Amino acid sequence: MNYDVIVVGAGPVGSHTACRLAELGYRTAVLERQPYVGHKLCCTGIIGRECYEFYSLDPSCVVREAKSARLFAPSGDYIRISRDQTQAYIVDRPYLDRSLAERALEQGAEYQLSSKVVDIAVSSDGVSLAIAGENDSINIQGKVAVIASGFASPLPQMLGLGKINHLISGAQTEVLSDIIGETEVYFSHRTAPGFFAWAVPSSEDKVRVGLFAKKNPGVYLQKLINELTIEGKLKSSPKDISYGGIPLKPLRRTYDERVLVVGDAAGQVKPTTGGGIYYGLLSADHAVDTINEAFTRNDFSKKQFARYQKRWKATLGRELMIDYYARGLYNRFSDKQLDAIFTIVRDNAIAEDLLDSSYRSFDWHGELVLDGLKRLTPWSHLFTRYLPAYFLRMLRSAR
């Protein structure tokens with residue numbers, strides 16, 4: 001069967017890509033390895049207001065609005081941040097995936113479930129994707145392929161686009177609690193080495209508890225759950241833990257002749273929080289624009305498809321770089337140093353000043369990072385020796 005575009009992966013990014021392409025009149029197929037759309041993921045389901053409004057996401061997927069959060073230092077002290085307006089939405093992630101797939105179906109995209117892509121071949125005439133069957137593989141032909149198959153997809157490496165080596169693993173579960181009424185974030189290398197942990201209310205009596213860690217996230221998660229249970233914040237033990245991972249740096253090359261890589265598979269993920277939905281959707285729009293140009297010009301060359309990477313980097317490149325080095329800076333701090341920074345931020349009302357500043361939004365952390373470091377200048381001995389020279393130049397230019 002021949003298609004104009006074949007999208008691999010039916011997550012939010014894949015379905016949004018398919019929806020837009022089908023709306024433009026291209027015959028589009030979506031290949032999903034799972035037997036259904038919306039399988040359970042290790043995902044907090046937090047989406048910023050900007051993303052939610054810009055893409056007109058289905059309100060039915062929202063389970064809770066978030067206006068505030070508590071940020072906990074390793075010592076247990078915390079800073080509460082709050083705004084009058086909703087800053088983010090906590091969503092039912094499987095429902096979100098299904099709602100975006102339904103949009104694509106309404107525009108005419110075709111979905112093929114239980115279709116695991118095991119190989120992809122590119123020629124001057126098009127692309128051929130092999131789908132694993134019970135006894136052999138089935139080939140599907142198209143003119144263009146979009147790889148949106150998520151983190152750790154082997155397809156980019158098959159195509160010679162490299163492999164994401166900067167990554168971190170996570171674990172999450174949902175447990176009973178009627179004590180935690182707003183998002184809590186726990187900063188401590190003892191709790192979550194190399195990242196942070198969270199407790200996100202998902203209903204009146206349930207919270208999603210999870211973390212990312214350099215290794216053994218499930219072990220650290222169980223330890224966190226035990227601690228929160230002893231504190232009286234949780235009422236039950238986890239019944240099911242989901243595991244996953246996120247890339248911390250993007251692929252060096254996200255395109256080839258007739259092929260584009262989008263979303264987590266491309267590493268278009270915030271290194272500060274691990275959120276990838278918004279950046280993936282923005283990159284999907286750049287992918288669609290590039291593909292539409294290719295068909296209009298009848299040019300499917302590597303040079304044409306390189307436009308995609310230039311576009312998404314113009315939107316996200318600086319942001320991802322600042323966030324990546326901010327993550328590296330955080331990892332250099334000991335818990336004792338983190339406690340000191342929390343005390344400085346609290347005692348000097350820096351959190352309040354940052355909330356009143358004009359940085360972009362919940363979804364853009366780069367300017368917030370630079371602004372925060374600038375406000376910490378009187379205590380710069382805590383961090384400047386850890387920063388690379390070009391990060392210091394960015395910080396100076398932001399003053």
# chains A, B, ... in the order shown; residues from 1 in each chain; ligands from 1
>>> select_by_dssp(residues="stretch 199-302 of chain A", states="alpha helix (DSSP H)", output="PyMOL selection string")
chain A and resi 217-230+277-297+302
>>> write_last_selection(atoms="N, CA, C and O atoms", output="tab-separated table (two decimals), in the first residue's frame")
chain	number	residue	atom	x	y	z
A	217	PRO	N	15.81	3.88	39.15
A	217	PRO	CA	14.75	4.80	39.58
A	217	PRO	C	13.67	4.12	40.41
A	217	PRO	O	13.09	4.74	41.31
A	218	GLY	N	13.39	2.85	40.13
A	218	GLY	CA	12.37	2.15	40.91
A	218	GLY	C	12.74	2.00	42.37
A	218	GLY	O	11.88	2.09	43.26
A	219	VAL	N	14.02	1.79	42.65
A	219	VAL	CA	14.49	1.66	44.03
A	219	VAL	C	14.31	2.98	44.77
A	219	VAL	O	13.83	3.02	45.91
A	220	TYR	N	14.70	4.08	44.11
A	220	TYR	CA	14.56	5.39	44.73
A	220	TYR	C	13.09	5.78	44.89
A	220	TYR	O	12.72	6.43	45.87
A	221	LEU	N	12.27	5.37	43.94
A	221	LEU	CA	10.84	5.68	44.05
A	221	LEU	C	10.23	4.98	45.25
A	221	LEU	O	9.45	5.58	46.00
A	222	GLN	N	10.54	3.72	45.44
A	222	GLN	CA	9.99	2.99	46.58
A	222	GLN	C	10.44	3.62	47.90
A	222	GLN	O	9.66	3.73	48.86
A	223	LYS	N	11.69	4.08	47.93
A	223	LYS	CA	12.19	4.74	49.13
A	223	LYS	C	11.44	6.04	49.39
A	223	LYS	O	11.07	6.35	50.52
A	224	LEU	N	11.18	6.81	48.32
A	224	LEU	CA	10.42	8.07	48.46
A	224	LEU	C	9.00	7.79	48.95
A	224	LEU	O	8.49	8.48	49.84
A	225	ILE	N	8.37	6.77	48.39
A	225	ILE	CA	7.00	6.43	48.80
A	225	ILE	C	6.96	6.04	50.27
A	225	ILE	O	6.06	6.44	51.02
A	226	ASN	N	7.96	5.29	50.72
A	226	ASN	CA	8.02	4.91	52.13
A	226	ASN	C	8.13	6.14	53.02
A	226	ASN	O	7.47	6.24	54.06
A	227	GLU	N	8.97	7.10	52.59
A	227	GLU	CA	9.16	8.32	53.39
A	227	GLU	C	7.88	9.15	53.43
A	227	GLU	O	7.49	9.65	54.50
A	228	LEU	N	7.22	9.29	52.30
A	228	LEU	CA	5.98	10.08	52.26
A	228	LEU	C	4.86	9.39	53.03
A	228	LEU	O	3.99	10.06	53.60
A	229	THR	N	4.88	8.08	53.05
A	229	THR	CA	3.88	7.33	53.82
A	229	THR	C	4.09	7.53	55.32
A	229	THR	O	3.14	7.74	56.08
A	230	ILE	N	5.35	7.49	55.74
A	230	ILE	CA	5.67	7.71	57.15
A	230	ILE	C	5.25	9.12	57.57
A	230	ILE	O	4.77	9.34	58.69
A	277	ILE	N	6.05	17.24	25.40
A	277	ILE	CA	4.87	17.34	24.54
A	277	ILE	C	4.87	18.65	23.75
A	277	ILE	O	4.72	18.64	22.52
A	278	TYR	N	5.04	19.77	24.42
A	278	TYR	CA	4.96	21.06	23.73
A	278	TYR	C	6.07	21.22	22.70
A	278	TYR	O	5.82	21.59	21.55
A	279	TYR	N	7.30	20.93	23.09
A	279	TYR	CA	8.41	21.09	22.15
A	279	TYR	C	8.27	20.13	20.97
A	279	TYR	O	8.63	20.45	19.84
A	280	GLY	N	7.74	18.95	21.26
A	280	GLY	CA	7.51	18.00	20.17
A	280	GLY	C	6.45	18.49	19.20
A	280	GLY	O	6.58	18.34	17.99
A	281	LEU	N	5.37	19.08	19.72
A	281	LEU	CA	4.31	19.60	18.86
A	281	LEU	C	4.81	20.78	18.02
A	281	LEU	O	4.49	20.89	16.82
A	282	LEU	N	5.61	21.66	18.63
A	282	LEU	CA	6.17	22.77	17.88
A	282	LEU	C	7.08	22.26	16.76
A	282	LEU	O	7.04	22.77	15.63
A	283	SER	N	7.88	21.26	17.06
A	283	SER	CA	8.77	20.69	16.05
A	283	SER	C	7.98	19.96	14.97
A	283	SER	O	8.37	19.96	13.79
A	284	ALA	N	6.86	19.34	15.35
A	284	ALA	CA	6.00	18.68	14.37
A	284	ALA	C	5.48	19.69	13.35
A	284	ALA	O	5.38	19.39	12.15
A	285	ASP	N	5.14	20.88	13.81
A	285	ASP	CA	4.69	21.92	12.87
A	285	ASP	C	5.78	22.27	11.87
A	285	ASP	O	5.52	22.45	10.68
A	286	HIS	N	7.02	22.36	12.34
A	286	HIS	CA	8.14	22.62	11.43
A	286	HIS	C	8.32	21.46	10.45
A	286	HIS	O	8.64	21.67	9.27
A	287	ALA	N	8.11	20.25	10.94
A	287	ALA	CA	8.22	19.07	10.06
A	287	ALA	C	7.16	19.12	8.96
A	287	ALA	O	7.45	18.85	7.78
A	288	VAL	N	5.94	19.44	9.34
A	288	VAL	CA	4.85	19.51	8.35
A	288	VAL	C	5.14	20.59	7.30
A	288	VAL	O	4.95	20.37	6.10
A	289	ASP	N	5.60	21.75	7.74
A	289	ASP	CA	5.92	22.82	6.78
A	289	ASP	C	7.01	22.38	5.81
A	289	ASP	O	6.94	22.67	4.61
A	290	THR	N	8.02	21.68	6.33
A	290	THR	CA	9.12	21.21	5.48
A	290	THR	C	8.65	20.17	4.48
A	290	THR	O	9.03	20.18	3.31
A	291	ILE	N	7.79	19.24	4.94
A	291	ILE	CA	7.27	18.20	4.06
A	291	ILE	C	6.37	18.81	2.99
A	291	ILE	O	6.43	18.42	1.81
A	292	ASN	N	5.54	19.74	3.38
A	292	ASN	CA	4.65	20.38	2.41
A	292	ASN	C	5.47	21.08	1.32
A	292	ASN	O	5.12	21.01	0.12
A	293	GLU	N	6.54	21.75	1.71
A	293	GLU	CA	7.43	22.38	0.72
A	293	GLU	C	8.04	21.34	-0.20
A	293	GLU	O	8.18	21.56	-1.41
A	294	ALA	N	8.44	20.20	0.37
A	294	ALA	CA	9.07	19.15	-0.44
A	294	ALA	C	8.13	18.65	-1.53
A	294	ALA	O	8.53	18.46	-2.69
A	295	PHE	N	6.87	18.44	-1.17
A	295	PHE	CA	5.90	18.00	-2.19
A	295	PHE	C	5.63	19.10	-3.20
A	295	PHE	O	5.51	18.82	-4.41
A	296	THR	N	5.53	20.33	-2.75
A	296	THR	CA	5.28	21.44	-3.67
A	296	THR	C	6.41	21.58	-4.69
A	296	THR	O	6.17	21.82	-5.87
A	297	ARG	N	7.63	21.40	-4.23
A	297	ARG	CA	8.80	21.55	-5.09
A	297	ARG	C	9.23	20.24	-5.76
A	297	ARG	O	10.14	20.23	-6.58
A	302	LYS	N	18.13	15.53	0.86
A	302	LYS	CA	18.62	15.82	2.20
A	302	LYS	C	18.71	17.32	2.43
A	302	LYS	O	18.42	17.81	3.53
>>> residues_around(residues="stretch 333-347 of chain A", least_positions_apart="6", cutoff="8 Å", atoms="only C-alpha atoms", output="PDB file with C-alpha atoms, in the first residue's frame")
ATOM      1  CA  ALA A  73      14.954  21.553  49.612  1.00  0.00           C
ATOM      2  CA  PRO A  74      16.930  18.482  50.736  1.00  0.00           C
ATOM      3  CA  SER A  75      16.477  19.647  54.347  1.00  0.00           C
ATOM      4  CA  TYR A  78      10.123  24.432  51.104  1.00  0.00           C
ATOM      5  CA  ILE A  79       9.254  27.459  49.018  1.00  0.00           C
ATOM      6  CA  PHE A 187      15.164  18.534  45.084  1.00  0.00           C
ATOM      7  CA  SER A 188      17.719  16.190  46.611  1.00  0.00           C
ATOM      8  CA  HIS A 189      20.382  13.913  45.168  1.00  0.00           C
ATOM      9  CA  ARG A 190      19.648  11.540  47.998  1.00  0.00           C
ATOM     10  CA  LEU A 382      28.129  29.124  44.624  1.00  0.00           C
TER      11      LEU A 382
END
>>> closest_residue(among="A:Lys215, A:His166, A:Lys303, A:Lys270", to="A:Tyr255", atoms="only C-alpha atoms")
A:Lys303
>>> residues_around(residues="A:Glu23", least_positions_apart="6", cutoff="10 Å", atoms="only C-alpha atoms", output="list in words")
Thr17, Arg103, Ala104, Glu106, Gln107, Gly108 and Ala109 of chain A
>>> write_last_selection(atoms="N, CA and C atoms", output="mmCIF file, in the first residue's frame")
data_model
loop_
_atom_site.group_PDB
_atom_site.id
_atom_site.type_symbol
_atom_site.label_atom_id
_atom_site.label_comp_id
_atom_site.auth_asym_id
_atom_site.auth_seq_id
_atom_site.Cartn_x
_atom_site.Cartn_y
_atom_site.Cartn_z
ATOM 1 N N THR A 17 1.215 15.468 13.867
ATOM 2 C CA THR A 17 1.849 15.512 12.545
ATOM 3 C C THR A 17 0.915 14.934 11.491
ATOM 4 N N ARG A 103 -8.583 13.412 16.164
ATOM 5 C CA ARG A 103 -8.491 14.561 15.259
ATOM 6 C C ARG A 103 -7.874 14.149 13.927
ATOM 7 N N ALA A 104 -6.818 13.361 14.008
ATOM 8 C CA ALA A 104 -6.147 12.917 12.782
ATOM 9 C C ALA A 104 -7.063 12.021 11.956
ATOM 10 N N GLU A 106 -10.281 12.111 11.875
ATOM 11 C CA GLU A 106 -11.318 12.955 11.276
ATOM 12 C C GLU A 106 -10.824 13.651 9.998
ATOM 13 N N GLN A 107 -9.518 13.908 9.950
ATOM 14 C CA GLN A 107 -8.952 14.551 8.759
ATOM 15 C C GLN A 107 -8.604 13.542 7.669
ATOM 16 N N GLY A 108 -8.734 12.254 7.968
ATOM 17 C CA GLY A 108 -8.508 11.234 6.948
ATOM 18 C C GLY A 108 -7.250 10.415 7.118
ATOM 19 N N ALA A 109 -6.486 10.639 8.191
ATOM 20 C CA ALA A 109 -5.308 9.802 8.423
ATOM 21 C C ALA A 109 -5.740 8.371 8.734
#
>>> residues_around(residues="stretch 139-155 of chain A", least_positions_apart="5", cutoff="8 Å", atoms="only C-alpha atoms", output="NGL selection string")
:A and (1-11 or 13-14 or 118-120 or 125-131 or 164 or 245-247 or 258-267 or 291 or 300)
>>> select_by_dssp(residues="stretch 251-392 of chain A", states="strand (DSSP E)", output="list in words")
Tyr255, Asp256, Val259, Leu260 and Val261 of chain A
>>> write_last_selection(atoms="N, CA, C and O atoms", output="compact mmCIF listing (two decimals), in the first residue's frame")
# COMPACT_ATOMS: atom_id res chain seq x y z
N TYR A 255 17.29 14.63 10.40
CA TYR A 255 16.73 14.57 9.05
C TYR A 255 17.64 13.74 8.15
O TYR A 255 18.82 13.51 8.44
N ASP A 256 17.07 13.27 7.08
CA ASP A 256 17.81 12.63 6.00
C ASP A 256 16.95 12.78 4.75
O ASP A 256 15.86 13.37 4.81
N VAL A 259 13.23 11.68 5.14
CA VAL A 259 12.98 11.25 6.52
C VAL A 259 13.19 12.41 7.49
O VAL A 259 14.16 13.16 7.37
N LEU A 260 12.27 12.54 8.46
CA LEU A 260 12.43 13.48 9.56
C LEU A 260 12.18 12.75 10.88
O LEU A 260 11.37 11.83 10.94
N VAL A 261 12.88 13.19 11.94
CA VAL A 261 12.69 12.63 13.28
C VAL A 261 12.14 13.73 14.18
O VAL A 261 12.68 14.85 14.20
>>> atom_distance(atom1="atom CA of A:Leu176", atom2="atom CA of A:Pro193")
25.2 Å
>>> atom_distance(atom1="atom CA of A:Gly162", atom2="atom CA of A:Lys116")
20.4 Å
>>> atom_distance(atom1="atom CA of A:Tyr36", atom2="atom CA of A:Pro59")
21.6 Å
>>> closest_residue(among="A:Gly244, A:Gly181, A:Gly275, A:Pro378", to="A:Arg70", atoms="only C-alpha atoms")
A:Gly181
>>> residues_around(residues="stretch 363-369 of chain A", least_positions_apart="3", cutoff="8 Å", atoms="only C-alpha atoms", output="ChimeraX atom specification")
/A:48,50-51,272,278,318-320,322-323,326,354,359-360,372-373
>>> write_last_selection(atoms="all heavy atoms", output="short mmCIF file (atom, residue, chain, number, x, y, z; two decimals), in the first residue's frame")
data_model
loop_
_atom_site.label_atom_id
_atom_site.label_comp_id
_atom_site.auth_asym_id
_atom_site.auth_seq_id
_atom_site.Cartn_x
_atom_site.Cartn_y
_atom_site.Cartn_z
N GLY A 48 1.77 22.90 30.10
CA GLY A 48 1.68 24.33 30.36
C GLY A 48 0.48 24.96 29.67
O GLY A 48 -0.02 24.46 28.66
N GLU A 50 0.30 27.66 27.96
CA GLU A 50 0.59 28.12 26.60
C GLU A 50 0.38 27.00 25.58
O GLU A 50 -0.23 27.20 24.53
CB GLU A 50 2.03 28.63 26.53
CG GLU A 50 2.44 29.16 25.16
CD GLU A 50 3.87 29.68 25.14
OE1 GLU A 50 4.33 30.23 26.17
OE2 GLU A 50 4.53 29.52 24.11
N CYS A 51 0.90 25.82 25.89
CA CYS A 51 0.73 24.67 24.99
C CYS A 51 -0.74 24.28 24.89
O CYS A 51 -1.26 24.06 23.79
CB CYS A 51 1.55 23.49 25.52
SG CYS A 51 1.30 21.94 24.62
N THR A 272 15.34 20.42 31.78
CA THR A 272 15.06 20.88 33.15
C THR A 272 13.96 20.06 33.81
O THR A 272 14.03 19.77 35.01
CB THR A 272 14.65 22.35 33.13
OG1 THR A 272 13.71 22.57 32.07
CG2 THR A 272 15.86 23.24 32.92
N TYR A 278 5.04 19.77 24.42
CA TYR A 278 4.96 21.06 23.73
C TYR A 278 6.07 21.22 22.70
O TYR A 278 5.82 21.59 21.55
CB TYR A 278 5.02 22.19 24.75
CG TYR A 278 4.71 23.56 24.18
CD1 TYR A 278 3.91 23.72 23.05
CD2 TYR A 278 5.19 24.71 24.79
CE1 TYR A 278 3.60 24.98 22.55
CE2 TYR A 278 4.88 25.97 24.30
CZ TYR A 278 4.10 26.09 23.18
OH TYR A 278 3.80 27.35 22.69
N ARG A 318 18.45 27.41 21.41
CA ARG A 318 19.04 28.14 22.53
C ARG A 318 18.41 27.69 23.85
O ARG A 318 19.10 27.53 24.85
CB ARG A 318 18.85 29.64 22.33
CG ARG A 318 19.51 30.50 23.41
CD ARG A 318 19.40 31.98 23.03
NE ARG A 318 20.10 32.83 23.98
CZ ARG A 318 19.57 33.34 25.09
NH1 ARG A 318 18.30 33.07 25.38
NH2 ARG A 318 20.28 34.11 25.90
N GLU A 319 17.11 27.49 23.82
CA GLU A 319 16.40 27.06 25.02
C GLU A 319 16.93 25.71 25.51
O GLU A 319 17.21 25.54 26.70
CB GLU A 319 14.91 26.94 24.71
CG GLU A 319 14.05 26.60 25.89
CD GLU A 319 13.81 27.77 26.83
OE1 GLU A 319 13.99 28.93 26.40
OE2 GLU A 319 13.44 27.52 27.99
N LEU A 320 17.08 24.76 24.61
CA LEU A 320 17.56 23.44 24.99
C LEU A 320 18.99 23.50 25.51
O LEU A 320 19.35 22.77 26.45
CB LEU A 320 17.47 22.48 23.81
CG LEU A 320 16.05 22.11 23.35
CD1 LEU A 320 16.12 21.23 22.12
CD2 LEU A 320 15.28 21.42 24.45
N ILE A 322 20.56 26.12 27.05
CA ILE A 322 20.57 26.71 28.39
C ILE A 322 20.05 25.71 29.41
O ILE A 322 20.63 25.52 30.48
CB ILE A 322 19.72 28.00 28.43
CG1 ILE A 322 20.35 29.08 27.55
CG2 ILE A 322 19.58 28.50 29.86
CD1 ILE A 322 19.49 30.33 27.41
N ASP A 323 18.95 25.05 29.07
CA ASP A 323 18.36 24.08 30.00
C ASP A 323 19.31 22.92 30.29
O ASP A 323 19.38 22.42 31.41
CB ASP A 323 17.04 23.55 29.44
CG ASP A 323 15.95 24.61 29.42
OD1 ASP A 323 16.20 25.74 29.89
OD2 ASP A 323 14.85 24.33 28.92
N ALA A 326 21.93 24.13 32.60
CA ALA A 326 21.32 24.35 33.90
C ALA A 326 21.18 23.02 34.64
O ALA A 326 21.42 22.94 35.86
CB ALA A 326 19.96 25.02 33.75
N LEU A 354 11.04 36.50 40.72
CA LEU A 354 11.03 35.76 39.46
C LEU A 354 9.61 35.59 38.94
O LEU A 354 9.35 35.69 37.74
CB LEU A 354 11.70 34.40 39.63
CG LEU A 354 13.22 34.41 39.79
CD1 LEU A 354 13.73 33.02 40.14
CD2 LEU A 354 13.90 34.92 38.52
N TYR A 359 9.51 36.75 32.19
CA TYR A 359 9.99 35.63 31.39
C TYR A 359 8.81 34.94 30.71
O TYR A 359 7.67 35.09 31.11
CB TYR A 359 10.81 34.66 32.25
CG TYR A 359 10.01 33.81 33.21
CD1 TYR A 359 9.53 32.56 32.83
CD2 TYR A 359 9.74 34.25 34.49
CE1 TYR A 359 8.80 31.79 33.70
CE2 TYR A 359 9.01 33.47 35.38
CZ TYR A 359 8.55 32.25 34.97
OH TYR A 359 7.82 31.47 35.84
N ARG A 360 9.11 34.12 29.72
CA ARG A 360 8.09 33.74 28.75
C ARG A 360 6.89 33.02 29.35
O ARG A 360 5.78 33.47 29.24
CB ARG A 360 8.72 32.90 27.64
CG ARG A 360 9.73 33.70 26.85
CD ARG A 360 10.37 32.88 25.75
NE ARG A 360 9.44 32.64 24.65
CZ ARG A 360 9.79 32.07 23.51
NH1 ARG A 360 11.03 31.69 23.31
NH2 ARG A 360 8.91 31.87 22.56
N GLY A 372 17.32 33.93 37.11
CA GLY A 372 17.57 33.44 38.46
C GLY A 372 19.04 33.53 38.84
O GLY A 372 19.40 33.95 39.94
N LEU A 373 19.92 33.14 37.90
CA LEU A 373 21.36 33.22 38.17
C LEU A 373 21.80 34.68 38.33
O LEU A 373 22.66 34.99 39.17
CB LEU A 373 22.14 32.55 37.04
CG LEU A 373 22.02 31.02 36.96
CD1 LEU A 373 22.75 30.50 35.73
CD2 LEU A 373 22.57 30.36 38.21
#
>>> closest_residue(among="A:Ser56, A:Thr86, A:Thr191, A:Ser137", to="A:Phe72", atoms="only C-alpha atoms")
A:Thr191
>>> closest_residue(among="A:Asp371, A:Pro156, A:Asp353, A:Ile168", to="A:Arg253", atoms="only C-alpha atoms")
A:Pro156
